[in-house]
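Next comes entry.csv, a file with CSV, C-alpha atoms.
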chain,number,residue,atom,x,y,z
Q,1186,MET,CA,0.0,0.0,0.0
Q,1187,SER,CA,1.5,3.3,-1.0
Q,1188,CYS,CA,2.1,5.6,1.9
Q,1189,ARG,CA,1.9,8.6,-0.5
Q,1190,LEU,CA,-1.4,7.4,-1.8
Q,1191,LEU,CA,-2.8,6.6,1.6
Q,1192,SER,CA,-1.7,9.9,3.1
Q,1193,LEU,CA,-3.6,11.7,0.5
Q,1194,CYS,CA,-6.6,9.4,0.6
Q,1195,PHE,CA,-7.1,8.9,4.2
Q,1196,ALA,CA,-6.4,12.4,5.4
Q,1197,ALA,CA,-8.9,13.8,3.1
Q,1198,ALA,CA,-11.4,11.0,3.5
Q,1199,PHE,CA,-11.7,11.4,7.2
Q,1200,LEU,CA,-11.8,15.2,7.0
Q,1201,THR,CA,-14.4,15.4,4.3
Q,1202,ALA,CA,-16.3,12.1,4.3
Q,1203,GLY,CA,-16.8,11.2,8.0
Q,1204,THR,CA,-20.1,9.4,7.2
Q,1205,ILE,CA,-18.8,7.1,4.6
Q,1206,GLY,CA,-19.4,3.4,5.1
Q,1207,TYR,CA,-16.0,2.2,6.1
Q,1208,SER,CA,-15.3,-0.1,4.2
Q,1209,GLN,CA,7.1,-4.8,-2.9
Q,1210,ALA,CA,11.0,-5.9,-3.9
Q,1211,GLY,CA,11.9,-3.5,-6.8
Q,1212,SER,CA,9.8,-5.1,-9.6
Q,1213,THR,CA,8.8,-2.8,-12.5
Q,1214,GLN,CA,6.3,-5.1,-14.0
Q,1215,LYS,CA,2.8,-3.6,-14.1
Q,1216,PRO,CA,-0.5,-5.5,-13.5
Q,1217,SER,CA,-2.8,-5.9,-16.4
Q,1218,THR,CA,-5.4,-3.4,-15.2
Q,1219,PRO,CA,-4.3,0.1,-16.2
Q,1220,LYS,CA,-3.8,2.9,-13.7
Q,1221,ALA,CA,-6.7,5.3,-13.3
Q,1222,ALA,CA,-6.0,8.3,-15.4
Q,1223,SER,CA,-6.2,11.8,-14.0
Q,1224,GLY,CA,-9.7,13.1,-14.7
Q,1225,ALA,CA,-11.1,9.5,-15.3
Q,1226,ASP,CA,-14.8,9.3,-15.4
Q,1227,ASP,CA,-16.8,7.6,-12.5
Q,1228,ALA,CA,-17.2,4.4,-14.4
Q,1229,ALA,CA,-13.4,4.0,-14.9
Q,1230,LEU,CA,-12.8,4.9,-11.3
Q,1231,ILE,CA,-15.4,2.4,-10.1
Q,1232,LYS,CA,-13.8,-0.3,-12.3
Q,1233,SER,CA,-10.3,0.5,-10.9
Q,1234,ALA,CA,-11.5,0.5,-7.3
Q,1235,MET,CA,-13.5,-2.8,-7.7
Q,1236,ALA,CA,-10.3,-4.5,-9.0
Q,1237,ALA,CA,-8.8,-4.3,-5.5
Q,1238,ALA,CA,-11.0,-6.9,-3.9
Q,1239,PRO,CA,-13.0,-10.1,-4.6
Q,1240,LEU,CA,-16.2,-9.3,-6.5
Q,1241,GLU,CA,-18.3,-10.4,-3.5
Q,1242,VAL,CA,-16.7,-7.6,-1.5
Q,1243,ALA,CA,-16.3,-5.0,-4.2
Q,1244,LYS,CA,-19.8,-5.2,-5.7
Q,1245,ASP,CA,-21.5,-3.7,-2.6
Q,1246,ALA,CA,-18.6,-1.5,-1.3
Q,1247,THR,CA,-18.6,2.3,-1.1
Q,1248,ILE,CA,-16.4,3.7,-3.9
Q,1249,LEU,CA,-14.5,7.0,-3.5
Q,1250,ASN,CA,-13.1,9.0,-6.4
Q,1251,GLY,CA,-9.7,10.8,-6.6
Q,1252,GLU,CA,-11.2,13.7,-4.7
Q,1253,LEU,CA,-12.4,11.2,-2.0
Q,1254,LYS,CA,-16.0,11.9,-2.7
Q,1255,VAL,CA,-18.4,9.0,-2.7
Q,1256,ILE,CA,-19.2,8.1,-6.3
Q,1257,ARG,CA,-21.1,5.0,-5.3
Q,1258,GLN,CA,-22.6,4.4,-1.9
Q,1259,GLY,CA,-22.1,0.9,-0.6
Q,1260,THR,CA,-24.1,-1.4,1.8
Q,1261,ASN,CA,-21.5,-3.9,3.1
Q,1262,GLY,CA,-19.2,-1.8,5.3
Q,1263,TRP,CA,-16.2,-1.9,2.9
Q,1264,THR,CA,-14.7,1.2,1.1
Q,1265,CYS,CA,-12.7,0.9,-2.1
Q,1266,LEU,CA,-10.4,3.5,-3.6
Q,1267,PRO,CA,-9.2,3.5,-7.2
Q,1268,ASP,CA,-5.6,3.6,-8.2
Q,1269,MET,CA,-4.1,7.0,-7.8
Q,1270,PRO,CA,-1.6,8.1,-10.5
Q,1271,ALA,CA,0.8,9.5,-7.9
Q,1272,SER,CA,2.3,6.1,-7.0
Q,1273,PRO,CA,4.5,4.2,-9.5
Q,1274,GLY,CA,2.4,1.0,-9.4
Q,1275,THR,CA,-1.2,0.1,-9.9
Q,1276,ASP,CA,-2.6,0.0,-6.4
Q,1277,PRO,CA,-6.3,0.3,-5.8
Q,1278,MET,CA,-7.5,-0.9,-2.4
Q,1279,CYS,CA,-10.5,-2.0,-0.3
Q,1280,LEU,CA,-10.7,-1.8,3.5
Q,1281,ASP,CA,-13.3,-2.9,5.9
Q,1282,LYS,CA,-14.5,-0.5,8.7
Q,1283,ASN,CA,-11.8,-1.5,11.1
Q,1284,GLY,CA,-9.2,-1.1,8.3
Q,1285,MET,CA,-10.5,2.4,7.7
Q,1286,ASP,CA,-10.2,3.2,11.4
Q,1287,TRP,CA,-6.7,1.8,11.4
Q,1288,ALA,CA,-5.8,3.9,8.4
Q,1289,HIS,CA,-7.2,7.0,9.9
Q,1290,ALA,CA,-5.1,6.4,13.0
Q,1291,TRP,CA,-2.0,6.0,10.8
Q,1292,MET,CA,-2.6,9.1,8.7
Q,1293,THR,CA,-3.3,11.2,11.8
Q,1294,LYS,CA,-0.3,9.6,13.6
Q,1295,ALA,CA,-2.5,8.4,16.4
Q,1296,THR,CA,-2.3,4.9,18.0
Q,1297,PRO,CA,-4.8,2.5,16.5
Q,1298,GLN,CA,-7.4,1.2,18.9
Q,1299,ARG,CA,-6.4,-2.1,20.4
Q,1300,GLY,CA,-8.5,-5.1,19.6
Q,1301,LYS,CA,-9.8,-3.8,16.3
Q,1302,MET,CA,-8.2,-6.0,13.6
Q,1303,GLY,CA,-8.9,-4.8,10.1
Q,1304,ILE,CA,-8.8,-6.5,6.7
Q,1305,GLY,CA,-7.7,-5.0,3.4
Q,1306,TYR,CA,-7.4,-6.2,-0.2
Q,1307,MET,CA,-5.0,-5.0,-2.8
Q,1308,LEU,CA,-5.5,-7.6,-5.5
Q,1309,MET,CA,-3.8,-5.5,-8.2
Q,1310,GLY,CA,-0.7,-5.2,-6.0
Q,1311,GLY,CA,0.9,-2.1,-4.4
Q,1312,SER,CA,3.9,0.2,-4.4
Q,1313,ASP,CA,5.4,1.5,-1.1
Q,1314,ALA,CA,8.2,3.9,-0.4
Q,1315,SER,CA,9.4,1.9,2.6
Q,1316,ASN,CA,8.7,-1.3,4.4
Q,1317,THR,CA,9.8,0.2,7.7
Q,1318,ASP,CA,8.8,3.9,7.7
Q,1319,PRO,CA,5.1,4.3,7.8
Q,1320,PHE,CA,5.4,8.0,6.7
Q,1321,ALA,CA,7.9,7.8,3.9
Q,1322,THR,CA,6.7,9.4,0.7
Q,1323,LYS,CA,9.6,8.3,-1.5
Q,1324,PRO,CA,12.3,5.6,-1.1
Q,1325,ALA,CA,15.4,6.5,0.8
Q,1326,PRO,CA,18.4,7.7,-1.3
Q,1327,GLY,CA,19.6,4.7,-3.3
Q,1328,GLY,CA,16.5,2.7,-2.3
Q,1329,LYS,CA,13.7,1.3,-4.5
Q,1330,TRP,CA,10.0,1.2,-4.2
Q,1331,VAL,CA,8.7,-1.9,-2.5
Q,1332,ASP,CA,6.5,-3.6,-5.1
Q,1333,THR,CA,4.2,-6.3,-3.8
Q,1334,GLY,CA,2.0,-8.4,-6.0
Q,1335,PRO,CA,-1.7,-9.2,-5.3
Q,1336,HIS,CA,-2.2,-9.4,-1.5
Q,1337,MET,CA,-4.5,-9.0,1.4
Q,1338,MET,CA,-3.5,-7.3,4.6
Q,1339,VAL,CA,-4.3,-8.0,8.3
Q,1340,LEU,CA,-4.2,-4.6,9.9
Q,1341,ASN,CA,-3.7,-3.5,13.5
Q,1342,ILE,CA,-1.9,-6.7,14.5
Q,1343,GLY,CA,0.2,-5.1,17.2
Q,1344,ASP,CA,3.0,-7.5,18.1
Q,1345,MET,CA,1.2,-10.7,17.0
Q,1346,PHE,CA,3.5,-11.3,14.0
Q,1347,THR,CA,6.3,-13.3,15.7
Q,1348,GLY,CA,7.8,-15.7,13.2
Q,1349,TYR,CA,7.0,-13.7,10.1
Q,1350,PRO,CA,9.7,-11.9,8.2
Q,1351,THR,CA,10.0,-8.2,9.0
Q,1352,THR,CA,11.7,-7.2,5.7
Q,1353,ALA,CA,10.3,-7.1,2.2
Q,1354,THR,CA,13.2,-9.1,0.7
Q,1355,ASN,CA,10.7,-11.7,-0.6
Q,1356,THR,CA,7.3,-10.3,-1.2
Q,1357,LYS,CA,6.0,-13.6,-2.4
Q,1358,VAL,CA,5.7,-14.9,1.2
Q,1359,PRO,CA,3.8,-13.3,4.1
Q,1360,TYR,CA,5.8,-10.5,5.8
Q,1361,VAL,CA,5.2,-7.6,8.2
Q,1362,MET,CA,5.1,-4.1,6.9
Q,1363,PHE,CA,6.0,-1.3,9.3
Q,1364,PRO,CA,7.3,-3.6,12.0
Q,1365,GLY,CA,8.0,-2.1,15.4
Q,1366,THR,CA,5.4,0.6,14.9
Q,1367,PRO,CA,1.8,0.9,15.9
Q,1368,TYR,CA,1.0,0.5,12.2
Q,1369,ALA,CA,2.5,-3.0,11.7
Q,1370,HIS,CA,0.4,-5.1,9.5
Q,1371,LEU,CA,0.7,-8.5,7.9
Q,1372,MET,CA,1.0,-8.6,4.1
Q,1373,ILE,CA,-0.3,-11.9,2.7
Q,1374,PRO,CA,0.4,-12.7,-1.0
Q,1375,VAL,CA,-2.6,-14.3,-2.8
Q,1376,LYS,CA,-0.9,-15.4,-6.0
So, in terms of structure tokens, how does the structure I just supplied come out?
Amino acid sequence: MSCRLLSLCFAAAFLTAGTIGYSQAGSTQKPSTPKAASGADDAALIKSAMAAAPLEVAKDATILNGELKVIRQGTNGWTCLPDMPASPGTDPMCLDKNGMDWAHAWMTKATPQRGKMGIGYMLMGGSDASNTDPFATKPAPGGKWVDTGPHMMVLNIGDMFTGYPTTATNTKVPYVMFPGTPYAHLMIPVK
């Protein structure tokens, strides 16, 4: 999940859409679904956002556009965001209510509420500036974007990741992103 994308999305989403239903090592290969273009119409944004999760989740999810306005109200407690052209990869995402709460805590640099595990899908993959710095907006000098293929995320796991790798050296196996921070989450490849 792109920190730059999330910082833009979640900060604005929680400031402007408080009533919304809440719903990586160096590869340059792009997924088959194209990035959402700047100024894309609602149909293209909905298609991009829905590509993030299984159809049974995405079909009834709330969909936000690039300005984080609801373009389709959902009924199942999930929120999906289309790919944003600011990140180098194609990375739409869908989060459940607890996932949106976790993301809000992350973007406001607050501690996520204990006991509220969240789930997120990024079935098109994702690009992140860092596996260890939750607030990085670009890779460290000499570093690369962390590109992860299709995955789901278990958010707000606290310190319950003992035994999982805490580096993104092999993004084809489960690993922890942002270890040692309140924003640690388990990345689980699905392909």
Hey, what's within 7 Å of Q:Tyr1349 if we count only C-alpha atoms and toss same-chain stuff fewer than 2 positions away? As an MDAnalysis selection string, please? chainID Q and resid 1346:1347 1351 1359:1361
Kindly give the distance, in Å, that separates atom CA of Q:Thr1356 and atom CA of Q:Ala1369, rounded to a single decimal.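 Interatomic distance here is 15.6 Å.
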Which one is closest to Q:Asp1344: Q:Lys1323, Q:Lys1329, Q:Lys1357, Q:His1370? Count only C-alpha atoms.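 That would be Q:His1370, the residue with the smallest distance to Q:Asp1344.
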For Q:Gly1305, which residue out of Q:Met1338, Q:Ala1271, Q:Ala1288, Q:Ala1325 is the nearest one, using only C-alpha atoms?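 Among the listed residues, Q:Met1338 lies closest to Q:Gly1305.
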Separation of atom CA of Q:Pro1350 from atom CA of Q:Gly1328 in Å: 19.2 Å
Just want the 12 Å neighbourhood of stretch 1230-1241 of chain Q, counted on only C-alpha atoms, with same-chain residues fewer than 6 positions away dropped. Output as a PyMOL selection string. chain Q and resi 1186+1208+1216-1224+1247-1261+1263-1270+1275-1281+1304-1311+1334-1338+1375
Provide the atom CA of Q:Ala1353 to atom CA of Q:Trp1291 distance in Å, to one decimal place.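 So the answer is 19.9 Å.
With all atoms listed in the file as the basis for measurement, Q:Leu1340 is the residue among Q:Ala1228, Q:Ala1246, Q:Met1372, Q:Leu1340 that approaches Q:Met1285 most closely.
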For Q:Ala1295, which residue among Q:Ile1373, Q:Ser1272, Q:Thr1354, Q:Pro1367 is the nearest when counting all atoms listed in the file?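 Among Q:Ile1373, Q:Ser1272, Q:Thr1354, Q:Pro1367, it is Q:Pro1367 that comes nearest to Q:Ala1295.
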